[in-house]
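Data block for input-v8.cif (mmCIF, C-alpha atoms):
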data_coords
loop_
_atom_site.label_atom_id
_atom_site.label_comp_id
_atom_site.auth_asym_id
_atom_site.auth_seq_id
_atom_site.Cartn_x
_atom_site.Cartn_y
_atom_site.Cartn_z
CA MET A 200 -19.88 19.97 6.09
CA GLN A 201 -19.07 18.54 9.51
CA ASP A 202 -16.71 15.65 10.28
CA GLU A 203 -19.63 13.77 11.84
CA LEU A 204 -21.54 11.56 9.43
CA PRO A 205 -24.72 9.57 10.02
CA TYR A 206 -22.84 6.37 9.11
CA LEU A 207 -19.51 4.64 9.68
CA ILE A 208 -16.84 5.04 7.02
CA ASN A 209 -14.88 2.46 5.01
CA ASP A 210 -11.13 2.94 4.63
CA ALA A 211 -9.25 1.65 1.57
CA ASP A 212 -5.75 2.39 2.88
CA ASN A 213 -5.07 1.60 6.50
CA HIS A 214 -2.16 -0.26 8.10
CA PHE A 215 -1.62 -3.19 10.43
CA VAL A 216 1.78 -3.76 12.06
CA GLU A 217 3.34 -7.24 11.79
CA PRO A 218 4.82 -8.76 14.98
CA LEU A 219 8.59 -8.56 15.33
CA ASP A 220 9.10 -12.33 15.32
CA MET A 221 6.38 -13.27 12.87
CA TYR A 222 8.58 -14.34 9.97
CA GLU A 223 10.82 -16.46 12.18
CA ARG A 224 7.81 -18.15 13.79
CA TYR A 225 5.91 -18.89 10.60
CA ILE A 226 8.61 -19.66 8.05
CA GLU A 227 9.20 -23.33 7.16
CA PRO A 228 12.16 -24.80 9.12
CA ARG A 229 14.14 -25.53 5.96
CA TRP A 230 14.16 -21.79 5.12
CA ARG A 231 14.75 -20.44 8.64
CA ASP A 232 18.13 -18.95 7.72
CA LYS A 233 16.33 -16.81 5.12
CA ALA A 234 13.74 -15.37 7.52
CA VAL A 235 13.23 -11.65 7.99
CA ARG A 236 14.42 -10.76 11.48
CA PHE A 237 14.46 -7.74 13.75
CA VAL A 238 17.48 -6.91 15.89
CA THR A 239 17.19 -4.30 18.66
CA ASP A 240 20.08 -1.86 19.07
CA ASP A 241 21.29 -0.11 22.21
CA MET A 242 18.87 2.78 21.64
CA GLY A 243 15.86 0.49 21.49
CA ARG A 244 15.44 0.78 17.71
CA LYS A 245 14.61 -2.34 15.73
CA ALA A 246 16.81 -2.95 12.70
CA LEU A 247 15.71 -5.26 9.90
CA PHE A 248 17.77 -8.17 8.64
CA TYR A 249 16.93 -10.22 5.58
CA GLY A 250 18.41 -13.69 5.80
CA GLY A 251 21.21 -12.34 8.00
CA ARG A 252 21.87 -9.27 5.83
CA PRO A 253 20.99 -5.75 7.00
CA SER A 254 18.12 -4.15 5.13
CA ALA A 255 19.18 -2.36 1.97
CA THR A 256 16.09 -0.13 2.01
CA ALA A 257 16.56 0.77 5.70
CA LEU A 258 12.85 0.52 6.35
CA THR A 259 11.85 -0.15 9.95
CA ARG A 260 8.80 -1.38 11.79
CA ASP A 261 8.70 1.57 14.14
CA SER A 262 5.99 4.18 13.68
CA VAL A 263 6.36 5.93 17.02
CA PRO A 264 9.34 7.13 19.08
CA GLN A 265 11.15 4.34 20.89
CA ASN A 266 13.09 6.50 23.36
CA ASP A 267 13.18 10.02 24.82
CA GLU A 268 15.58 11.23 22.14
CA ASP A 269 13.14 10.21 19.41
CA LEU A 270 10.26 11.80 21.28
CA GLN A 271 12.08 15.11 21.69
CA ARG A 272 13.11 15.18 18.04
CA LEU A 273 9.56 14.52 16.84
CA ALA A 274 8.07 17.06 19.25
CA ALA A 275 10.41 19.65 17.77
CA SER A 276 9.64 18.80 14.15
CA ALA A 277 6.17 17.20 13.86
CA ALA A 278 4.60 20.48 12.69
CA ALA A 279 6.03 21.97 9.51
CA ALA A 280 6.07 25.40 11.10
CA ALA A 281 8.18 24.03 13.99
CA VAL A 282 11.09 22.82 11.88
CA SER A 283 14.12 25.03 12.38
CA ALA A 284 17.88 24.89 12.12
CA GLU A 285 17.95 23.68 15.72
CA VAL A 286 16.12 20.49 14.78
CA GLY A 287 18.94 19.45 12.50
CA SER A 288 17.87 16.93 9.89
CA ALA A 289 14.09 16.67 10.20
CA PRO A 290 12.47 13.27 9.59
CA LYS A 291 11.23 12.48 6.11
CA PRO A 292 9.34 9.55 4.57
CA GLY A 293 11.55 6.54 3.98
CA ASP A 294 14.44 7.58 6.21
CA GLY A 295 13.91 4.68 8.62
CA THR A 296 13.48 6.90 11.68
CA ALA A 297 10.61 7.23 14.15
CA ARG A 298 7.59 9.27 13.18
CA ALA A 299 4.08 10.11 14.35
CA PRO A 300 0.70 9.94 12.56
CA GLY A 301 0.06 12.92 10.31
CA MET A 302 3.42 14.64 10.81
CA PHE A 303 4.19 14.94 7.08
CA LEU A 304 0.86 16.56 6.24
CA HIS A 305 0.25 20.30 5.88
CA LYS A 306 -3.29 21.58 6.40
CA LEU A 307 -4.34 18.33 8.07
CA ASN A 308 -1.24 18.15 10.27
CA PRO A 309 -2.55 17.59 13.83
CA TYR A 310 0.52 19.21 15.41
CA GLU A 311 0.14 22.59 13.72
CA GLY A 312 -0.87 25.29 16.17
CA LEU A 313 0.43 23.39 19.18
CA ASP A 314 3.45 24.43 21.18
CA GLU A 315 6.24 21.92 21.74
CA ALA A 316 4.68 20.62 24.96
CA GLY A 317 1.38 20.10 23.18
CA ARG A 318 3.05 18.29 20.32
CA ARG A 319 4.90 16.07 22.77
CA ALA A 320 1.68 15.20 24.59
CA LEU A 321 -0.07 14.26 21.34
CA ILE A 322 2.83 12.12 20.17
CA GLU A 323 2.83 10.36 23.56
CA LYS A 324 -0.88 9.67 23.07
CA PHE A 325 -0.18 7.98 19.75
CA ARG A 326 2.74 6.10 21.28
CA ASP A 327 0.41 4.70 23.92
CA GLN A 328 -1.96 3.68 21.13
CA GLU A 329 0.70 1.72 19.24
CA GLU A 330 -0.21 -1.71 20.63
CA SER A 331 -3.62 -1.46 18.95
CA TRP A 332 -1.98 -1.03 15.55
CA GLY A 333 -0.93 -4.69 15.62
CA ASN A 334 -3.57 -6.25 17.87
CA ARG A 335 -6.79 -7.43 16.24
CA ASP A 336 -9.19 -6.87 19.12
CA LEU A 337 -7.67 -3.59 20.24
CA ARG A 338 -7.75 -2.44 16.63
CA LEU A 339 -11.47 -3.05 16.37
CA ALA A 340 -11.98 -0.89 19.43
CA LEU A 341 -9.83 1.85 17.90
CA MET A 342 -11.81 1.62 14.66
CA ASP A 343 -15.00 2.10 16.67
CA GLU A 344 -13.46 5.19 18.24
CA GLN A 345 -12.44 6.50 14.80
CA GLY A 346 -15.85 5.85 13.25
CA ILE A 347 -14.51 3.23 10.83
CA ASN A 348 -16.71 0.29 9.85
CA ALA A 349 -14.26 -1.64 7.64
CA ALA A 350 -10.71 -1.09 6.47
CA VAL A 351 -8.31 -2.68 4.05
CA MET A 352 -5.13 -2.90 6.09
CA PHE A 353 -1.72 -3.21 4.53
CA PRO A 354 1.50 -4.45 6.10
CA GLY A 355 4.93 -2.92 5.83
CA ILE A 356 7.72 -5.47 5.70
CA VAL A 357 6.23 -7.99 3.27
CA LEU A 358 6.13 -5.30 0.58
CA THR A 359 9.94 -5.10 0.66
CA LEU A 360 10.61 -8.78 -0.04
CA GLU A 361 11.05 -8.58 -3.81
CA VAL A 362 13.56 -5.75 -3.53
CA GLU A 363 15.48 -7.08 -0.55
CA PHE A 364 15.55 -10.67 -1.86
CA GLN A 365 15.66 -9.72 -5.54
CA ASP A 366 18.18 -12.44 -6.41
CA ASP A 367 16.72 -15.11 -4.09
CA VAL A 368 13.30 -16.22 -5.30
CA ASP A 369 13.09 -19.00 -2.73
CA ALA A 370 13.53 -16.47 0.08
CA ILE A 371 10.79 -14.28 -1.41
CA TYR A 372 8.30 -17.14 -1.32
CA ALA A 373 9.39 -18.60 2.03
CA ASN A 374 8.76 -15.25 3.75
CA THR A 375 5.61 -14.63 1.70
CA ARG A 376 4.14 -17.91 2.89
CA ALA A 377 5.14 -17.07 6.47
CA PHE A 378 3.32 -13.75 6.26
CA ASN A 379 0.19 -15.30 4.79
CA ARG A 380 0.16 -18.09 7.40
CA TRP A 381 0.35 -15.50 10.16
CA ILE A 382 -2.66 -13.62 8.79
CA TYR A 383 -4.73 -16.79 8.57
CA ASP A 384 -3.66 -18.07 11.98
CA GLN A 385 -3.72 -14.89 14.04
CA ILE A 386 -5.88 -12.24 12.36
CA GLY A 387 -8.01 -13.64 9.56
CA TYR A 388 -8.28 -12.37 6.01
CA LYS A 389 -11.59 -10.58 6.75
CA HIS A 390 -12.07 -10.55 10.49
CA GLN A 391 -15.73 -9.79 11.26
CA ASN A 392 -15.96 -8.27 7.76
CA ARG A 393 -14.15 -5.26 9.23
CA ILE A 394 -10.41 -5.89 9.12
CA PHE A 395 -9.43 -6.92 5.60
CA LEU A 396 -5.80 -8.01 5.61
CA PRO A 397 -4.83 -9.27 2.13
CA PRO A 398 -2.32 -12.09 1.70
CA TYR A 399 0.64 -11.22 -0.47
CA ILE A 400 1.39 -12.85 -3.83
CA SER A 401 4.71 -12.54 -5.66
CA LEU A 402 4.93 -13.18 -9.40
CA ALA A 403 8.63 -14.08 -9.31
CA ASP A 404 7.75 -17.74 -9.99
CA VAL A 405 4.42 -18.40 -11.67
CA ASP A 406 4.13 -21.98 -10.43
CA LEU A 407 4.76 -21.02 -6.80
CA ALA A 408 2.39 -18.08 -7.22
CA VAL A 409 -0.40 -20.39 -8.41
CA VAL A 410 0.11 -22.70 -5.44
CA GLU A 411 -0.04 -19.79 -2.99
CA VAL A 412 -3.06 -18.18 -4.67
CA GLU A 413 -4.94 -21.47 -4.54
CA ARG A 414 -4.06 -21.94 -0.87
CA VAL A 415 -5.22 -18.51 0.30
CA ILE A 416 -8.38 -18.70 -1.83
CA ASP A 417 -9.20 -22.06 -0.25
CA GLU A 418 -8.70 -20.41 3.16
CA GLY A 419 -11.26 -17.75 2.28
CA ALA A 420 -9.18 -14.72 1.29
CA PRO A 421 -11.44 -12.14 -0.43
CA LEU A 422 -8.52 -9.97 -1.55
CA VAL A 423 -4.89 -10.57 -2.59
CA LEU A 424 -1.99 -8.11 -2.68
CA PHE A 425 0.61 -7.50 -5.40
CA LEU A 426 3.43 -5.02 -5.81
CA PRO A 427 2.79 -2.08 -8.18
CA GLY A 428 4.79 -1.71 -11.36
CA HIS A 429 6.30 -4.42 -13.51
CA ALA A 430 6.53 -7.95 -12.18
CA HIS A 431 9.75 -9.55 -11.01
CA GLY A 432 11.76 -10.91 -13.94
CA GLY A 433 11.87 -14.46 -12.58
CA ARG A 434 14.68 -16.81 -11.63
CA ASP A 435 16.48 -16.41 -14.96
CA ASN A 436 16.20 -12.61 -15.06
CA THR A 437 16.15 -11.40 -11.45
CA ARG A 438 17.17 -7.84 -12.33
CA GLY A 439 14.69 -7.61 -15.19
CA GLY A 440 10.92 -7.41 -15.37
CA ARG A 441 7.76 -8.46 -17.16
CA SER A 442 4.30 -6.95 -17.57
CA ILE A 443 2.01 -7.90 -14.72
CA ALA A 444 -0.58 -8.59 -17.47
CA ASP A 445 1.72 -10.80 -19.58
CA PRO A 446 -0.08 -14.05 -20.52
CA HIS A 447 2.81 -15.79 -18.76
CA PHE A 448 0.90 -15.01 -15.54
CA ASP A 449 -2.53 -16.06 -16.83
CA PRO A 450 -2.61 -19.18 -14.62
CA VAL A 451 -2.49 -16.87 -11.59
CA TRP A 452 -5.09 -14.42 -12.89
CA ALA A 453 -7.37 -17.25 -14.03
CA ARG A 454 -7.68 -18.58 -10.49
CA ILE A 455 -8.31 -15.13 -9.04
CA ASN A 456 -10.85 -14.36 -11.75
CA GLU A 457 -12.70 -17.65 -11.27
CA ALA A 458 -12.91 -17.19 -7.51
CA GLY A 459 -14.08 -13.57 -7.77
CA VAL A 460 -11.28 -12.50 -5.43
CA ARG A 461 -10.33 -8.81 -5.47
CA VAL A 462 -6.83 -7.50 -6.19
CA ALA A 463 -4.89 -4.74 -4.45
CA THR A 464 -1.59 -3.02 -5.07
CA HIS A 465 0.05 -0.70 -2.57
CA LEU A 466 2.92 1.76 -2.64
CA ALA A 467 6.15 -0.15 -2.02
CA PRO A 468 9.87 -0.17 -2.71
CA THR A 469 10.57 -1.25 -6.27
CA ASP A 470 13.67 -1.66 -8.42
CA TYR A 471 12.76 1.36 -10.55
CA ALA A 472 15.85 3.24 -9.34
CA LYS A 473 17.79 1.07 -11.78
CA TYR A 474 16.55 3.33 -14.59
CA GLY A 475 18.45 6.19 -12.97
CA ALA A 476 21.65 4.95 -14.61
CA ASP A 477 20.38 6.54 -17.84
CA TRP A 478 19.86 9.85 -16.02
CA SER A 479 23.25 10.15 -14.30
CA GLU A 480 21.72 8.89 -11.03
CA ASP A 481 22.71 6.06 -8.70
CA PRO A 482 20.83 2.93 -9.87
CA ASP A 483 21.21 1.34 -6.42
CA ALA A 484 19.71 4.25 -4.45
CA VAL A 485 16.81 3.61 -2.06
CA LEU A 486 14.00 5.92 -0.96
CA ARG A 487 15.78 7.44 2.04
CA ASP A 488 18.57 8.65 -0.30
CA PHE A 489 16.49 9.72 -3.32
CA ASP A 490 17.15 13.20 -4.61
CA GLY A 491 14.37 15.18 -6.25
CA LEU A 492 14.65 13.64 -9.72
CA GLN A 493 14.74 10.09 -8.37
CA TRP A 494 11.72 10.70 -6.15
CA VAL A 495 9.71 12.17 -9.04
CA LEU A 496 10.63 9.51 -11.60
CA PHE A 497 10.93 6.30 -9.59
CA TRP A 498 8.71 6.53 -6.50
CA GLY A 499 4.96 6.04 -6.52
CA ASP A 500 3.47 7.64 -9.62
CA ARG A 501 5.39 5.78 -12.29
CA PRO A 502 4.77 2.27 -10.93
CA ALA A 503 1.10 3.16 -10.44
CA MET A 504 0.71 4.50 -13.98
CA GLU A 505 2.46 1.49 -15.46
CA THR A 506 0.30 -0.89 -13.45
CA VAL A 507 -2.90 0.70 -14.75
CA ALA A 508 -1.59 1.10 -18.30
CA GLY A 509 -0.24 -2.43 -18.46
CA MET A 510 -3.38 -4.05 -17.10
CA ILE A 511 -5.61 -2.12 -19.50
CA MET A 512 -3.50 -2.01 -22.67
CA HIS A 513 -2.33 -5.61 -22.30
CA ASN A 514 -6.02 -6.54 -22.14
CA LEU A 515 -5.98 -8.23 -18.73
CA PHE A 516 -9.66 -7.43 -18.20
CA GLY A 517 -10.63 -8.67 -21.64
CA ARG A 518 -9.23 -12.07 -20.66
CA PHE A 519 -10.36 -11.94 -17.03
CA PRO A 520 -13.44 -9.72 -16.70
CA ASN A 521 -14.06 -10.54 -13.02
CA LEU A 522 -10.85 -8.83 -11.88
CA HIS A 523 -11.26 -5.64 -9.83
CA VAL A 524 -8.27 -3.72 -8.54
CA LEU A 525 -7.57 -1.33 -5.65
CA ILE A 526 -4.62 1.04 -6.23
CA ALA A 527 -3.77 2.04 -2.65
CA GLU A 528 -1.49 4.78 -1.30
CA GLN A 529 -0.44 5.93 -4.75
CA GLY A 530 -2.60 9.02 -4.97
CA THR A 531 -4.43 10.26 -8.06
CA VAL A 532 -2.47 13.21 -9.49
CA TRP A 533 -1.17 10.93 -12.24
CA LEU A 534 -4.56 9.47 -13.09
CA PRO A 535 -6.08 12.12 -15.40
CA TYR A 536 -2.88 12.20 -17.46
CA ILE A 537 -2.53 8.46 -17.96
CA LEU A 538 -6.21 7.97 -18.82
CA ARG A 539 -6.08 10.75 -21.41
CA LYS A 540 -2.93 9.23 -22.87
CA LEU A 541 -4.47 5.74 -23.00
CA ASP A 542 -7.65 7.09 -24.59
CA HIS A 543 -5.54 8.92 -27.17
CA ALA A 544 -3.65 5.73 -28.02
CA HIS A 545 -6.95 3.87 -28.37
CA ALA A 546 -8.41 6.62 -30.58
CA MET A 547 -5.36 6.36 -32.84
CA ASP A 548 -6.11 2.65 -33.21
CA ARG A 549 -2.99 1.64 -31.35
CA GLY A 550 -4.34 -1.62 -30.06
CA ALA A 551 -3.58 -3.97 -27.21
CA LYS A 552 -0.68 -6.40 -27.59
CA TRP A 553 -2.81 -9.35 -26.52
CA GLY A 554 -6.38 -9.18 -27.84
CA ASN A 555 -8.56 -6.15 -28.49
CA LEU A 556 -10.05 -3.56 -26.18
CA ASP A 557 -13.84 -3.47 -26.38
CA ARG A 558 -14.19 0.11 -25.11
CA ARG A 559 -12.21 3.21 -24.21
CA PRO A 560 -9.47 2.73 -21.59
CA ARG A 561 -11.10 5.22 -19.17
CA GLU A 562 -14.30 3.16 -19.29
CA ILE A 563 -12.31 0.03 -18.51
CA PHE A 564 -10.68 1.88 -15.62
CA ARG A 565 -14.03 3.00 -14.27
CA ASP A 566 -15.36 -0.56 -14.39
CA HIS A 567 -12.36 -2.32 -12.85
CA PHE A 568 -10.45 0.02 -10.54
CA ILE A 569 -10.90 1.94 -7.33
CA VAL A 570 -8.35 4.43 -6.00
CA PRO A 571 -8.09 6.62 -2.89
CA PRO A 572 -6.62 10.11 -3.35
CA PHE A 573 -3.85 11.07 -0.96
CA PRO A 574 -5.24 12.84 2.12
CA GLU A 575 -4.52 16.37 0.86
CA GLU A 576 -5.09 15.93 -2.88
CA ASN A 577 -7.81 17.77 -4.80
CA VAL A 578 -10.65 15.25 -4.84
CA GLN A 579 -13.01 17.29 -6.99
CA ARG A 580 -10.44 17.51 -9.76
CA VAL A 581 -10.02 13.75 -10.13
CA VAL A 582 -13.78 13.18 -9.81
CA GLN A 583 -14.34 15.55 -12.73
CA GLU A 584 -11.95 13.44 -14.79
CA VAL A 585 -12.93 9.86 -13.91
CA GLY A 586 -16.33 10.13 -12.22
CA ILE A 587 -17.32 9.26 -8.67
CA GLU A 588 -17.44 5.46 -9.06
CA PRO A 589 -13.69 4.68 -8.80
CA ILE A 590 -12.93 7.10 -5.93
CA VAL A 591 -12.69 5.80 -2.37
CA PHE A 592 -11.41 7.12 0.94
CA GLY A 593 -8.00 6.11 2.29
CA SER A 594 -6.59 7.44 5.58
CA ASP A 595 -3.09 5.88 5.46
CA PHE A 596 -3.36 5.66 9.26
CA PRO A 597 -1.12 5.47 11.28
CA HIS A 598 1.63 6.61 8.93
CA GLY A 599 3.35 9.97 9.06
CA GLU A 600 1.80 10.85 5.70
CA GLY A 601 -1.63 9.67 6.88
CA LEU A 602 -4.56 11.17 8.71
CA ALA A 603 -4.25 11.11 12.47
CA TYR A 604 -8.04 11.54 12.65
CA PRO A 605 -9.58 9.88 9.55
CA ARG A 606 -13.03 11.49 9.75
CA GLN A 607 -11.48 14.97 9.44
CA TYR A 608 -11.20 14.20 5.73
CA VAL A 609 -14.86 14.95 5.11
CA GLY A 610 -14.86 18.54 6.31
CA ALA A 611 -11.41 19.32 4.94
CA GLN A 612 -11.48 17.68 1.50
CA LEU A 613 -15.09 17.07 0.44
CA GLN A 614 -16.55 20.53 1.00
CA GLY A 615 -19.10 21.44 -1.69
CA MET A 616 -19.83 17.85 -2.72
CA ASP A 617 -23.37 16.57 -2.37
CA ALA A 618 -24.24 14.00 0.27
CA HIS A 619 -24.62 11.17 -2.27
CA ASP A 620 -21.10 11.65 -3.61
CA VAL A 621 -19.66 11.97 -0.11
CA ALA A 622 -21.30 8.69 0.86
CA ALA A 623 -19.96 7.04 -2.31
CA ILE A 624 -16.39 8.04 -1.44
CA MET A 625 -16.53 7.53 2.31
CA ARG A 626 -18.54 4.30 2.38
CA ASP A 627 -20.34 2.87 -0.63
CA ASN A 628 -17.71 2.42 -3.36
CA LEU A 629 -15.37 0.41 -1.15
CA ALA A 630 -18.30 -1.53 0.31
CA ARG A 631 -19.26 -2.69 -3.19
CA PHE A 632 -15.64 -3.62 -3.93
CA LEU A 633 -15.43 -5.73 -0.75
CA GLY A 634 -18.90 -7.21 -1.09
CA LEU A 635 -20.23 -5.46 2.02
CA PRO A 636 -23.81 -4.22 2.42
CA VAL A 637 -24.43 -0.77 0.96
#
Render the structure in this file as structure tokens.
Amino acid sequence: MQDELPYLINDADNHFVEPLDMYERYIEPRWRDKAVRFVTDDMGRKALFYGGRPSATALTRDSVPQNDEDLQRLAASAAAAAVSAEVGSAPKPGDGTARAPGMFLHKLNPYEGLDEAGRRALIEKFRDQEESWGNRDLRLALMDEQGINAAVMFPGIVLTLEVEFQDDVDAIYANTRAFNRWIYDQIGYKHQNRIFLPPYISLADVDLAVVEVERVIDEGAPLVLFLPGHAHGGRDNTRGGRSIADPHFDPVWARINEAGVRVATHLAPTDYAKYGADWSEDPDAVLRDFDGLQWVLFWGDRPAMETVAGMIMHNLFGRFPNLHVLIAEQGTVWLPYILRKLDHAHAMDRGAKWGNLDRRPREIFRDHFIVPPFPEENVQRVVQEVGIEPIVFGSDFPHGEGLAYPRQYVGAQLQGMDAHDVAAIMRDNLARFLGLPV
């Protein structure tokens, strides 16, 4: 099967870069001292500050090299086969350093097979492309070049707010509102029905969440974004948590359900490292410092599984049947396991805490969720387990773990699938989710 398709593709996991000064420009004056800010160091790197405090997670805005030193380091290490003792400490996801699209992939790594000069030239090409990653009109032109019709585009910084401002709920919402205002003012929630940029909603304060949900719905948002995993514990329990499907949040879900707005979650920093204290691990560790056990237990899969399990087994869809959820950049290797486990619990008559499930959990999942596999995961395996309906394509462009050339996915990952199933994954399933023509 060739990369070329007779139609444009739809992308469920793409990324749009927020402007450096966006939070300062769009935050209410009374909260200006709590704004997220970028400070540029002597090397040209942009460091994040949260209300005057350096970022605890050490995440940065930069996706490309900002100076010659960065460029040389990436050129030496962007292909797995190129990493050697001379490179020193090679970049890795979450370390806060510069990176280039696709550099953390294996068989779809665009730098494999190139010499160092070739890798440098390709990285320079992506560096020159960077402006389009945060410019609406340039991004549409890039999407045309990539063969993408529509994409759900996720931010970076806003997804850190609940961890960075864990003990300051007012700061979470002040910066959340700033982010959402910027989308509405500068980009649009669904620009030309091609760039879908979801406003963010925190559940740290249910009353403030309702106000923000109502505002963005009134402004025409077709999709809203939540963190994966358990919800923030609230003002009285900032280091705790609560099920995202707890009836405490029903006023939020009721408004989303009534409006027919879609829901998305995306991989993000969480406070799950706190559970490491019971496993002789540092409960304050962040992604860049995770060892193997911390990465396996606290990053990605567990929050995703708990999101799906909580929503289904706490009967969120029984109360709000119009909810439909995109689980983005969290892969699918965990999905067959959790659905089998949920089905087993249901078969043993272990019911939902709030209400009763009217069918098997995997059927609820199939009706209410879509999920893109990671770029190099086994697609056929998850399709055999859950069917074709919930599976969508996600490039994760322009991240280091993402596809530098999104349409390469077809020839590399969907070999042997019939044309109908390929079209479902690459176009139709996400189109139905977003209400686009199929």
Could you spell out the hits of the PyMOL selection byres ((chain A and resi 346-360) around 8) on the shown file, as a ChimeraX atom specification?
/A:207-217,258-260,342-345,361-365,371,374-375,378,392-397,399,426,465,467-469,606
Could you write those residues out with C-alpha atoms, as a compact mmCIF listing (two decimals), keeping the file's coordinate frame?
# COMPACT_ATOMS: atom_id res chain seq x y z
CA LEU A 207 -19.51 4.64 9.68
CA ILE A 208 -16.84 5.04 7.02
CA ASN A 209 -14.88 2.46 5.01
CA ASP A 210 -11.13 2.94 4.63
CA ALA A 211 -9.25 1.65 1.57
CA ASP A 212 -5.75 2.39 2.88
CA ASN A 213 -5.07 1.60 6.50
CA HIS A 214 -2.16 -0.26 8.10
CA PHE A 215 -1.62 -3.19 10.43
CA VAL A 216 1.78 -3.76 12.06
CA GLU A 217 3.34 -7.24 11.79
CA LEU A 258 12.85 0.52 6.35
CA THR A 259 11.85 -0.15 9.95
CA ARG A 260 8.80 -1.38 11.79
CA MET A 342 -11.81 1.62 14.66
CA ASP A 343 -15.00 2.10 16.67
CA GLU A 344 -13.46 5.19 18.24
CA GLN A 345 -12.44 6.50 14.80
CA GLU A 361 11.05 -8.58 -3.81
CA VAL A 362 13.56 -5.75 -3.53
CA GLU A 363 15.48 -7.08 -0.55
CA PHE A 364 15.55 -10.67 -1.86
CA GLN A 365 15.66 -9.72 -5.54
CA ILE A 371 10.79 -14.28 -1.41
CA ASN A 374 8.76 -15.25 3.75
CA THR A 375 5.61 -14.63 1.70
CA PHE A 378 3.32 -13.75 6.26
CA ASN A 392 -15.96 -8.27 7.76
CA ARG A 393 -14.15 -5.26 9.23
CA ILE A 394 -10.41 -5.89 9.12
CA PHE A 395 -9.43 -6.92 5.60
CA LEU A 396 -5.80 -8.01 5.61
CA PRO A 397 -4.83 -9.27 2.13
CA TYR A 399 0.64 -11.22 -0.47
CA LEU A 426 3.43 -5.02 -5.81
CA HIS A 465 0.05 -0.70 -2.57
CA ALA A 467 6.15 -0.15 -2.02
CA PRO A 468 9.87 -0.17 -2.71
CA THR A 469 10.57 -1.25 -6.27
CA ARG A 606 -13.03 11.49 9.75
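For stretch 621-629 of chain A, the non-local neighbours within 7 Å, defined as residues at least 4 positions apart in the same chain or in other chains and counting all atoms listed in the file, are A:Ile208, A:Asn209, A:Ala211, A:Glu588, A:Ile590, A:Val591, A:Phe592, A:Leu613, A:Met616, A:Asp617, A:Leu633, A:Val637.
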Running the PyMOL selection byres ((chain A and resi 510) around 10) on this model by hand, what would come out? Give it as a PDB file with C-alpha atoms, keeping the file's coordinate frame.
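In the end it all went to result-v3.pdb:
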ATOM      1  CA  SER A 442       4.300  -6.950 -17.570  1.00  0.00           C
ATOM      2  CA  ILE A 443       2.010  -7.900 -14.720  1.00  0.00           C
ATOM      3  CA  ALA A 444      -0.580  -8.590 -17.470  1.00  0.00           C
ATOM      4  CA  ASP A 445       1.720 -10.800 -19.580  1.00  0.00           C
ATOM      5  CA  MET A 504       0.710   4.500 -13.980  1.00  0.00           C
ATOM      6  CA  GLU A 505       2.460   1.490 -15.460  1.00  0.00           C
ATOM      7  CA  THR A 506       0.300  -0.890 -13.450  1.00  0.00           C
ATOM      8  CA  VAL A 507      -2.900   0.700 -14.750  1.00  0.00           C
ATOM      9  CA  ALA A 508      -1.590   1.100 -18.300  1.00  0.00           C
ATOM     10  CA  GLY A 509      -0.240  -2.430 -18.460  1.00  0.00           C
ATOM     11  CA  ILE A 511      -5.610  -2.120 -19.500  1.00  0.00           C
ATOM     12  CA  MET A 512      -3.500  -2.010 -22.670  1.00  0.00           C
ATOM     13  CA  HIS A 513      -2.330  -5.610 -22.300  1.00  0.00           C
ATOM     14  CA  ASN A 514      -6.020  -6.540 -22.140  1.00  0.00           C
ATOM     15  CA  LEU A 515      -5.980  -8.230 -18.730  1.00  0.00           C
ATOM     16  CA  PHE A 516      -9.660  -7.430 -18.200  1.00  0.00           C
ATOM     17  CA  GLY A 517     -10.630  -8.670 -21.640  1.00  0.00           C
ATOM     18  CA  VAL A 524      -8.270  -3.720  -8.540  1.00  0.00           C
ATOM     19  CA  ILE A 563     -12.310   0.030 -18.510  1.00  0.00           C
ATOM     20  CA  PHE A 564     -10.680   1.880 -15.620  1.00  0.00           C
TER      21      PHE A 564
END
Any idea what the distance is between atom CA of A:Val462 and atom CA of A:Ser401?
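That distance, rounded to one decimal, is 12.6 Å.
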Can you list, as a PyMOL selection string, every protein, DNA or RNA residue that comes within 10 Å of A:Gly615 when you count only C-alpha atoms, leaving out same-chain residues fewer than 3 positions away?
chain A and resi 200+579+610+612+618+621
Using only C-alpha atoms, which of A:Pro228, A:Gly554, A:Pro535, A:Gly251 sits nearest A:Gly586?
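Under the stated criterion, the closest residue is A:Pro535.
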Care to translate the PyMOL selection byres ((chain A and resi 299) around 12) into actual residues of this file, as a ChimeraX atom specification?
/A:261-265,269-278,290-292,296-298,300-304,308-310,318-329,596-603
Counting all atoms listed in the file, I want the residues whose atoms come within 8 Å of (-2.9, -21.1, -13.0) in the file frame, returned as a compact mmCIF listing (two decimals) with C-alpha atoms, keeping the file's coordinate frame.
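Listed below is the output, part-v3.txt:
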# COMPACT_ATOMS: atom_id res chain seq x y z
CA VAL A 405 4.42 -18.40 -11.67
CA ASP A 406 4.13 -21.98 -10.43
CA VAL A 409 -0.40 -20.39 -8.41
CA PHE A 448 0.90 -15.01 -15.54
CA ASP A 449 -2.53 -16.06 -16.83
CA PRO A 450 -2.61 -19.18 -14.62
CA VAL A 451 -2.49 -16.87 -11.59
CA TRP A 452 -5.09 -14.42 -12.89
CA ALA A 453 -7.37 -17.25 -14.03
CA ARG A 454 -7.68 -18.58 -10.49
Take atom CA of A:Pro560 and atom CA of A:Leu538 and report the distance between them in Å, one decimal.
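Atom-to-atom, atom CA of A:Pro560 to atom CA of A:Leu538, that is 6.8 Å.
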Would you mind reading off the distance between atom CA of A:Ala370 and atom CA of A:Pro218, one decimal, in Å?
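According to the coordinates, atom CA of A:Ala370 and atom CA of A:Pro218 are separated by 18.9 Å.
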